[in-house]
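Trainee: File start30.tsv below, TSV, C-alpha atoms:
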```tsv
chain	number	residue	atom	x	y	z
A	27	MET	CA	-7.85	-5.75	-11.80
A	28	LEU	CA	-4.48	-6.19	-13.56
A	29	LYS	CA	-4.78	-9.14	-15.93
A	30	LEU	CA	-2.05	-10.68	-18.06
A	31	GLU	CA	-3.21	-11.71	-21.53
A	32	LYS	CA	-2.60	-15.31	-22.62
A	33	THR	CA	0.17	-14.18	-24.98
A	34	ILE	CA	2.57	-11.55	-23.67
A	35	HIS	CA	4.65	-9.72	-26.26
A	36	THR	CA	8.14	-8.33	-25.83
A	37	ILE	CA	10.90	-7.11	-28.09
A	38	PRO	CA	13.27	-9.81	-29.41
A	39	GLU	CA	16.17	-8.56	-27.27
A	40	GLU	CA	14.17	-9.18	-24.09
A	41	THR	CA	12.73	-12.61	-24.87
A	42	GLN	CA	15.05	-14.23	-22.30
A	43	GLU	CA	13.81	-11.84	-19.59
A	44	LEU	CA	10.09	-12.24	-20.26
A	45	GLY	CA	9.60	-14.92	-17.61
A	46	ALA	CA	11.14	-12.74	-14.89
A	47	MET	CA	8.99	-9.77	-15.95
A	48	VAL	CA	5.81	-11.89	-15.86
A	49	ARG	CA	6.73	-13.19	-12.39
A	50	ALA	CA	7.21	-9.60	-11.16
A	51	VAL	CA	3.71	-8.74	-12.34
A	52	ARG	CA	2.12	-11.87	-10.86
A	53	ARG	CA	3.89	-11.57	-7.49
A	54	ASN	CA	2.90	-7.93	-7.24
A	55	LYS	CA	6.35	-6.94	-6.04
A	56	GLY	CA	9.28	-5.23	-7.62
A	57	ASP	CA	9.09	-3.42	-10.90
A	58	GLU	CA	12.76	-2.82	-11.77
A	59	GLY	CA	11.91	-0.48	-14.61
A	60	ILE	CA	9.25	-2.71	-16.16
A	61	PHE	CA	6.79	-0.98	-18.48
A	62	CYS	CA	3.44	-2.44	-19.49
A	63	VAL	CA	1.77	-2.20	-22.87
A	64	MET	CA	-1.88	-2.47	-21.96
A	65	ARG	CA	-5.50	-1.75	-22.66
A	66	SER	CA	-7.78	-0.36	-20.03
A	67	GLU	CA	-11.40	0.59	-19.60
A	68	ALA	CA	-10.25	4.15	-18.94
A	69	THR	CA	-8.77	4.47	-22.45
A	70	GLN	CA	-11.65	2.57	-24.11
A	71	GLY	CA	-9.34	-0.21	-25.21
A	72	LEU	CA	-6.60	1.92	-26.80
A	73	MET	CA	-2.98	0.88	-26.30
A	74	GLU	CA	-1.22	2.61	-23.47
A	75	ILE	CA	2.31	2.43	-22.06
A	76	ALA	CA	2.78	2.78	-18.32
A	77	PRO	CA	5.29	1.81	-15.67
A	78	LEU	CA	4.26	-1.34	-13.82
A	79	ALA	CA	3.91	0.57	-10.54
A	80	TYR	CA	1.40	2.96	-12.19
A	81	ALA	CA	-0.48	0.07	-13.80
A	82	ARG	CA	-0.92	-1.53	-10.37
A	83	ILE	CA	-2.39	1.68	-8.98
A	84	GLU	CA	-4.73	2.15	-11.97
A	85	ALA	CA	-5.81	-1.50	-11.76
A	86	LYS	CA	-7.46	-0.74	-8.42
A	87	GLN	CA	-9.94	1.52	-10.25
A	88	HIS	CA	-10.17	0.02	-13.76
A	89	ASP	CA	-9.72	-3.38	-15.36
A	90	ILE	CA	-6.38	-3.41	-17.18
A	91	SER	CA	-5.30	-6.02	-19.69
A	92	VAL	CA	-1.51	-6.30	-20.13
A	93	PHE	CA	-0.37	-7.77	-23.45
A	94	GLY	CA	3.22	-6.53	-23.57
A	95	LEU	CA	6.12	-6.07	-21.18
A	96	ALA	CA	9.41	-4.25	-21.65
A	97	LYS	CA	12.36	-3.13	-19.59
A	98	GLY	CA	12.36	0.62	-19.98
A	99	LYS	CA	10.21	3.15	-21.79
A	100	ALA	CA	12.28	3.11	-25.00
A	101	HIS	CA	11.81	-0.66	-25.32
A	102	ALA	CA	8.07	-0.30	-24.61
A	103	ILE	CA	7.78	2.24	-27.44
A	104	GLU	CA	9.67	-0.12	-29.75
A	105	LEU	CA	7.31	-2.93	-28.71
A	106	VAL	CA	4.25	-0.86	-29.62
A	107	ARG	CA	5.80	-0.12	-33.02
A	108	LEU	CA	6.36	-3.86	-33.60
A	109	ILE	CA	2.79	-4.69	-32.55
A	110	VAL	CA	1.31	-2.00	-34.82
A	111	ASP	CA	3.49	-3.13	-37.75
A	112	LYS	CA	2.35	-6.73	-37.23
A	113	MET	CA	-1.31	-5.67	-37.05
A	114	ALA	CA	-0.95	-3.63	-40.25
A	115	LYS	CA	0.73	-6.54	-42.03
A	116	ASN	CA	-2.08	-8.88	-40.95
A	117	GLY	CA	-4.71	-6.41	-42.16
A	118	ASP	CA	-6.14	-5.87	-38.67
A	119	PHE	CA	-6.66	-2.18	-39.46
A	120	ARG	CA	-6.09	0.24	-42.29
A	121	THR	CA	-2.89	2.25	-42.27
A	122	GLY	CA	-4.18	5.02	-44.57
A	123	GLU	CA	-2.13	3.90	-47.58
```
Could you write out this structure as structure tokens?

Mentor:
Amino acid sequence: MLKLEKTIHTIPEETQELGAMVRAVRRNKGDEGIFCVMRSEATQGLMEIAPLAYARIEAKQHDISVFGLAKGKAHAIELVRLIVDKMAKNGDFRTGE
């Protein structure tokens, strides 16, 4: 099952488009280059980036939790960097420093 987390993250430049991206996921149609930042049972909870179309296919076999959306792979990578930086700042994990 493909599940949207309560809080969906995106990069600041795409904040205005977040609603449209969420609707695309919920309506299960159209992907228009949307990439998901997600956790799945298959990756034991690690962050993964995948196109929305791929996430839909994988969700038929594994539970997937989407917590970030981006338009394009480059923006998805930037989003992961922002999430990791925020987690490090909050002390959610050690950065090795």

Trainee: Residues near A:His88, anyone? I mean within 7 Å using all atoms listed in the file, not counting same-chain ones fewer than 2 positions away, as a ChimeraX atom specification.

Mentor: /A:27,66-68,84-86,90

Trainee: Which is closer to A:Leu108 than all the others in A:Ile37, A:Met73, A:Ala81, A:Leu28, using all atoms listed in the file?

Mentor: A:Ile37

Trainee: Which is closer to A:Gly59 than all the others in A:Leu72, A:Leu105, A:Ala114, A:Ala100, using only C-alpha atoms?

Mentor: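 Answer, going by the shortest atom-to-atom distance: A:Ala100.
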
Trainee: List the spatial neighbours of A:His101 as a tab-separated table (two decimals) with C-alpha atoms, in the frame of the given file - criterion: any atom at most 10 Å away, all atoms listed in the file, same-chain residues fewer than 5 positions off excluded.

Mentor:
```
chain	number	residue	atom	x	y	z
A	36	THR	CA	8.14	-8.33	-25.83
A	37	ILE	CA	10.90	-7.11	-28.09
A	39	GLU	CA	16.17	-8.56	-27.27
A	40	GLU	CA	14.17	-9.18	-24.09
A	60	ILE	CA	9.25	-2.71	-16.16
A	61	PHE	CA	6.79	-0.98	-18.48
A	95	LEU	CA	6.12	-6.07	-21.18
A	96	ALA	CA	9.41	-4.25	-21.65
A	106	VAL	CA	4.25	-0.86	-29.62
A	107	ARG	CA	5.80	-0.12	-33.02
```

Trainee: Mind giving me the straight-line distance from atom CA of A:His35 to atom CA of A:Phe93 in Å, one decimal?

Mentor: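 Between these atoms lies a distance of 6.1 Å.
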
Trainee: Between atom CA of A:Val92 and atom CA of A:Val63, what is the spacing in Å?

Mentor: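 About the pair atom CA of A:Val63 and atom CA of A:Val92: they are 5.9 Å apart.
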
Trainee: Please indicate the distance in Å from atom CA of A:Asp89 to atom CA of A:Arg53, rounded to one decimal place.

Mentor: 17.7 Å

Trainee: Under the rule that only C-alpha atoms are counted, which of A:Glu43, A:Asp118, A:Glu58, A:Glu74 is the nearest residue to A:Gly98?

Mentor: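 Result for the nearest residue to A:Gly98: A:Glu58.
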
Trainee: Which one of A:Arg82, A:Lys99, A:Arg65, A:Lys112 sits closest to A:Ala50 if you count all atoms listed in the file?

Mentor: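 When distances to A:Ala50 are compared using all atoms listed in the file, the smallest one comes from A:Arg82.
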
Trainee: Would you kindly place N, CA and C atoms on stretch 41-56 of chain A and return the model as a tab-separated table (two decimals), in the frame of the given file?

Mentor:
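In the end it all went to selection_11.tsv:
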```tsv
chain	number	residue	atom	x	y	z
A	41	THR	N	13.44	-11.33	-24.94
A	41	THR	CA	12.73	-12.61	-24.87
A	41	THR	C	13.20	-13.44	-23.68
A	42	GLN	N	14.51	-13.44	-23.41
A	42	GLN	CA	15.05	-14.23	-22.30
A	42	GLN	C	14.57	-13.71	-20.94
A	43	GLU	N	14.21	-12.45	-20.85
A	43	GLU	CA	13.81	-11.84	-19.59
A	43	GLU	C	12.30	-11.83	-19.37
A	44	LEU	N	11.55	-12.31	-20.34
A	44	LEU	CA	10.09	-12.24	-20.26
A	44	LEU	C	9.55	-12.98	-19.04
A	45	GLY	N	10.07	-14.15	-18.76
A	45	GLY	CA	9.60	-14.92	-17.61
A	45	GLY	C	9.76	-14.16	-16.30
A	46	ALA	N	10.90	-13.52	-16.11
A	46	ALA	CA	11.14	-12.74	-14.89
A	46	ALA	C	10.19	-11.55	-14.81
A	47	MET	N	9.91	-10.91	-15.95
A	47	MET	CA	8.99	-9.77	-15.95
A	47	MET	C	7.57	-10.23	-15.60
A	48	VAL	N	7.15	-11.36	-16.16
A	48	VAL	CA	5.81	-11.89	-15.86
A	48	VAL	C	5.71	-12.24	-14.38
A	49	ARG	N	6.74	-12.85	-13.82
A	49	ARG	CA	6.73	-13.19	-12.39
A	49	ARG	C	6.62	-11.93	-11.53
A	50	ALA	N	7.30	-10.86	-11.91
A	50	ALA	CA	7.21	-9.60	-11.16
A	50	ALA	C	5.78	-9.07	-11.15
A	51	VAL	N	5.10	-9.20	-12.27
A	51	VAL	CA	3.71	-8.74	-12.34
A	51	VAL	C	2.82	-9.64	-11.47
A	52	ARG	N	2.98	-10.93	-11.60
A	52	ARG	CA	2.12	-11.87	-10.86
A	52	ARG	C	2.35	-11.80	-9.35
A	53	ARG	N	3.58	-11.61	-8.93
A	53	ARG	CA	3.89	-11.57	-7.49
A	53	ARG	C	3.57	-10.23	-6.86
A	54	ASN	N	3.27	-9.27	-7.70
A	54	ASN	CA	2.90	-7.93	-7.24
A	54	ASN	C	4.00	-7.31	-6.38
A	55	LYS	N	5.25	-7.61	-6.71
A	55	LYS	CA	6.35	-6.94	-6.04
A	55	LYS	C	7.47	-6.67	-7.03
A	56	GLY	N	8.18	-5.61	-6.76
A	56	GLY	CA	9.28	-5.23	-7.62
A	56	GLY	C	8.80	-4.80	-8.99
```
